[in-house]
>>> print(open('final_21.txt').read())   # compact mmCIF, C-alpha atoms
# COMPACT_ATOMS: atom_id res chain seq x y z
CA MET T 607 13.81 -11.30 -43.58
CA ILE T 608 12.31 -14.74 -42.96
CA THR T 609 8.65 -15.52 -42.44
CA ILE T 610 8.02 -18.63 -40.37
CA PRO T 611 4.62 -20.23 -41.08
CA PHE T 612 2.40 -20.96 -38.09
CA VAL T 613 2.49 -24.69 -38.79
CA TYR T 614 6.16 -24.78 -37.64
CA THR T 615 5.39 -22.87 -34.47
CA ALA T 616 2.44 -25.19 -33.81
CA ALA T 617 4.61 -28.26 -34.44
CA VAL T 618 7.22 -27.15 -31.87
CA TYR T 619 4.52 -26.33 -29.31
CA THR T 620 2.77 -29.67 -29.95
CA VAL T 621 5.98 -31.67 -29.52
CA ILE T 622 6.70 -29.90 -26.22
CA TYR T 623 3.11 -30.48 -25.05
CA LEU T 624 3.19 -34.19 -25.95
CA LEU T 625 6.59 -34.71 -24.27
CA VAL T 626 5.38 -33.05 -21.07
CA ARG T 627 2.11 -35.03 -21.02
CA ALA T 628 4.01 -38.30 -21.73
CA PHE T 629 6.47 -37.55 -18.91
CA VAL T 630 3.61 -36.85 -16.49
CA CYS T 631 1.78 -40.03 -17.49
CA ILE T 632 4.94 -42.13 -17.10
CA ARG T 633 5.75 -40.53 -13.76
CA THR T 634 2.25 -41.02 -12.34
CA LYS T 635 1.91 -44.48 -13.99
CA CYS T 636 -1.69 -43.81 -14.97
CA ILE T 637 -3.74 -41.82 -17.43
CA ASP T 638 -6.79 -39.97 -16.18
CA ARG T 639 -8.71 -39.49 -19.43
CA LYS T 640 -10.89 -36.76 -17.94
CA ARG T 641 -7.91 -34.76 -16.77
CA GLU T 642 -6.20 -35.30 -20.12
CA LEU T 643 -9.32 -33.94 -21.82
CA ALA T 644 -9.07 -30.78 -19.71
CA HIS T 645 -5.34 -30.52 -20.53
CA SER T 646 -6.19 -30.89 -24.21
CA LEU T 647 -8.68 -28.02 -23.94
CA MET T 648 -5.97 -25.88 -22.37
CA TYR T 649 -3.53 -26.97 -25.11
CA PHE T 650 -5.93 -25.86 -27.87
CA ASN T 651 -6.66 -22.65 -25.99
CA LEU T 652 -2.95 -21.81 -25.78
CA LEU T 653 -2.39 -22.89 -29.39
CA PHE T 654 -5.12 -20.44 -30.45
CA ILE T 655 -3.51 -17.67 -28.36
CA ILE T 656 -0.11 -18.43 -29.93
CA TYR T 657 -1.69 -18.30 -33.38
CA LEU T 658 -3.26 -14.90 -32.69
CA THR T 659 -0.17 -13.38 -31.11
CA PHE T 660 2.65 -14.80 -33.23
CA SER T 661 1.23 -15.43 -36.68
CA PRO T 662 2.89 -14.60 -38.99
CA LEU T 663 6.24 -14.88 -37.26
CA ILE T 664 8.73 -12.63 -39.07
CA LEU T 665 12.46 -12.72 -38.39
CA ASP T 666 14.31 -9.68 -39.64
CA PHE T 667 17.97 -10.11 -38.69
CA ASP T 668 18.66 -6.42 -39.31
CA ARG T 669 16.11 -5.52 -36.64
CA ILE T 670 16.25 -8.53 -34.30
CA PHE T 671 16.05 -7.47 -30.67
CA ASP T 672 14.87 -4.06 -31.81
CA PHE T 673 12.76 -3.97 -28.66
CA ARG T 674 9.47 -2.29 -29.38
CA ILE T 675 7.86 -1.84 -25.99
CA ASN T 676 4.94 0.30 -24.89
CA PRO T 677 5.20 0.54 -21.07
CA VAL T 678 2.59 3.31 -20.68
CA PRO T 679 -1.01 2.11 -20.37
CA PHE T 680 -3.69 3.28 -22.79
CA VAL T 681 -1.44 5.64 -24.80
CA TYR T 682 -1.68 3.81 -28.12
CA LEU T 683 -5.01 2.13 -27.45
CA THR T 684 -6.84 4.46 -29.84
CA ASP T 685 -3.96 4.74 -32.34
CA TYR T 686 -5.65 2.83 -35.17
CA ASP T 687 -6.72 3.67 -38.70
CA ASN T 688 -10.37 3.13 -37.84
CA SER T 689 -12.57 2.39 -34.85
CA THR T 690 -13.27 -1.17 -36.05
CA SER T 691 -9.57 -2.05 -35.74
CA MET T 692 -9.44 -0.55 -32.26
CA ILE T 693 -12.53 -2.46 -31.12
CA MET T 694 -11.17 -5.71 -32.62
CA ASN T 695 -7.88 -5.21 -30.77
CA VAL T 696 -9.46 -4.42 -27.40
CA PHE T 697 -12.15 -7.10 -27.43
CA GLY T 698 -9.91 -9.60 -29.20
CA ASN T 699 -7.28 -9.32 -26.45
CA ILE T 700 -9.96 -9.76 -23.80
CA LEU T 701 -11.88 -12.58 -25.49
CA MET T 702 -8.88 -14.73 -26.33
CA PHE T 703 -8.11 -15.13 -22.60
CA VAL T 704 -11.67 -15.86 -21.43
CA PRO T 705 -11.28 -19.65 -21.99
CA THR T 706 -8.07 -19.53 -19.95
CA GLY T 707 -9.97 -18.12 -16.97
CA ILE T 708 -12.56 -20.87 -17.28
CA ILE T 709 -10.17 -23.79 -17.78
CA LEU T 710 -7.56 -22.89 -15.13
CA PRO T 711 -9.74 -23.43 -12.03
CA VAL T 712 -11.15 -26.65 -13.51
CA LEU T 713 -7.69 -27.99 -14.29
CA TYR T 714 -5.79 -26.85 -11.18
CA LYS T 715 -7.44 -27.00 -7.76
CA ARG T 716 -5.04 -24.43 -6.33
CA LEU T 717 -6.21 -21.79 -8.81
CA ASN T 718 -9.44 -21.36 -6.91
CA SER T 719 -9.59 -17.62 -6.36
CA PHE T 720 -9.99 -14.42 -8.30
CA ALA T 721 -6.45 -13.27 -7.43
CA LYS T 722 -4.80 -16.56 -8.40
CA VAL T 723 -6.53 -16.77 -11.77
CA ALA T 724 -5.81 -13.07 -12.44
CA GLY T 725 -2.15 -13.59 -11.50
CA THR T 726 -1.83 -16.67 -13.69
CA GLY T 727 -3.54 -14.93 -16.61
CA PHE T 728 -1.15 -12.00 -16.14
CA LEU T 729 1.90 -14.29 -16.08
CA ILE T 730 0.81 -16.15 -19.23
CA SER T 731 0.28 -12.82 -20.99
CA LEU T 732 3.63 -11.51 -19.70
CA ALA T 733 5.37 -14.62 -21.05
CA ILE T 734 3.82 -13.96 -24.46
CA GLU T 735 4.85 -10.30 -24.41
CA ILE T 736 8.43 -11.24 -23.46
CA MET T 737 8.57 -13.87 -26.22
CA GLN T 738 7.51 -11.19 -28.72
CA LEU T 739 10.50 -8.96 -27.88
CA PRO T 740 13.03 -10.36 -30.39
CA PHE T 741 10.65 -10.17 -33.32
CA ALA T 742 10.65 -6.95 -35.32
CA SER T 743 7.04 -7.38 -36.42
CA ARG T 744 5.75 -7.45 -32.82
CA THR T 745 5.34 -4.86 -30.09
CA SER T 746 5.17 -5.74 -26.42
CA ASP T 747 2.38 -3.64 -24.98
CA VAL T 748 1.21 -3.09 -21.41
CA ASP T 749 -2.33 -2.66 -22.79
CA ASP T 750 -2.22 -6.29 -23.94
CA LEU T 751 -1.22 -7.38 -20.43
CA ILE T 752 -4.13 -5.46 -18.94
CA MET T 753 -6.71 -6.68 -21.45
CA ASN T 754 -5.49 -10.31 -21.39
CA THR T 755 -5.64 -10.33 -17.59
CA LEU T 756 -9.13 -8.84 -17.76
CA GLY T 757 -10.08 -11.66 -20.13
CA ALA T 758 -8.80 -14.34 -17.72
CA VAL T 759 -10.70 -12.68 -14.87
CA THR T 760 -13.85 -12.52 -17.03
CA GLY T 761 -13.49 -16.25 -17.72
CA TYR T 762 -13.14 -16.94 -13.99
CA VAL T 763 -16.29 -14.90 -13.28
CA ILE T 764 -18.14 -16.95 -15.93
CA TYR T 765 -16.85 -20.13 -14.25
CA ILE T 766 -18.07 -18.95 -10.81
CA ILE T 767 -21.48 -17.91 -12.22
CA ALA T 768 -21.82 -21.34 -13.88
CA CYS T 769 -20.93 -23.05 -10.58
CA TYR T 770 -23.64 -21.13 -8.73
CA ALA T 771 -26.20 -21.35 -11.54
CA PHE T 772 -25.94 -25.15 -11.74
CA GLY T 773 -25.48 -25.65 -8.00
CA TRP T 774 -21.94 -26.96 -8.37
CA LYS T 775 -19.14 -26.48 -5.96
CA LYS T 776 -15.89 -25.42 -7.58
CA ARG T 777 -14.91 -28.56 -9.44
CA SER T 778 -11.88 -30.34 -10.79
CA ALA T 779 -11.62 -31.58 -14.36
CA THR T 780 -12.61 -35.13 -13.33
CA GLU T 781 -15.71 -33.90 -11.50
CA VAL T 782 -16.80 -31.70 -14.42
CA CYS T 783 -16.40 -34.62 -16.84
CA ASP T 784 -18.44 -36.87 -14.51
CA ILE T 785 -21.31 -34.40 -14.60
CA TYR T 786 -21.50 -34.51 -18.39
CA ASP T 787 -20.44 -38.17 -18.83
CA ILE T 788 -17.44 -37.07 -20.87
CA ALA T 789 -14.37 -39.23 -21.64
CA LYS T 790 -15.63 -42.50 -20.17
>>> encode(input="final_21.txt", output="structure tokens")
Amino acid sequence: MITIPFVYTAAVYTVIYLLVRAFVCIRTKCIDRKRELAHSLMYFNLLFIIYLTFSPLILDFDRIFDFRINPVPFVYLTDYDNSTSMIMNVFGNILMFVPTGIILPVLYKRLNSFAKVAGTGFLISLAIEIMQLPFASRTSDVDDLIMNTLGAVTGYVIYIIACYAFGWKKRSATEVCDIYDIAK
């Protein structure tokens, strides 16, 4: 059994992120600092999600691909030693995706509806659950998909409420940064 520290996982993710951002900047031949700021927020958001879902990363070669999957919703939701653990799991899964629901519509103009943000939040969560499959210390759970998607939707609702409360139209990353004089 091998335990991989989070710093290695973070390093791989960071290298991939930097290569993608460098490729985009070279391809577009310009750097929009405001957009890069929004991308950085999304990067840290996803890094935090990876930390919560994969740390510690344990490889047990005797049990690798010992798929532990819960496909039935809400069966094991209350299967915890105490109610505090259950509440932490439920609200933790929801809260860790709230920033995703806020950042997505700011970063990508096409993600401008409830259904699109919910679908994207679901796909990000599904990718995480699929990546957890080969690791013996992790269980892929449909409850996580539901709660993570609910978190992304909650973030989108917060974004919409903020737009109406401050009289904004739905805005891109550059427009949001202009409002607050960020990254000039």
>>> closest_residue(input="final_21.txt", among="T:Cys636, T:Val763, T:Ile656, T:Leu624", to="Asn718 (chain T)", atoms="all atoms listed in the file")
T:Val763
>>> residues_around(input="final_21.txt", residues="region 645-654 of chain T", least_positions_apart="5", cutoff="7 Å", atoms="only C-alpha atoms", output="list in words")
Ala616, Pro705, Thr706 and Ile709 of chain T
>>> atom_distance(input="final_21.txt", atom1="CA of Tyr762 (chain T)", atom2="CA of Lys715 (chain T)")
13.1 Å
>>> atom_distance(input="final_21.txt", atom1="CA of Gly727 (chain T)", atom2="CA of Ala758 (chain T)")
5.4 Å
>>> residues_around(input="final_21.txt", residues="Leu665 (chain T)", least_positions_apart="6", cutoff="7 Å", atoms="only C-alpha atoms", output="list in words")
Met607, Ile608, Thr609, Phe741 and Ala742 of chain T
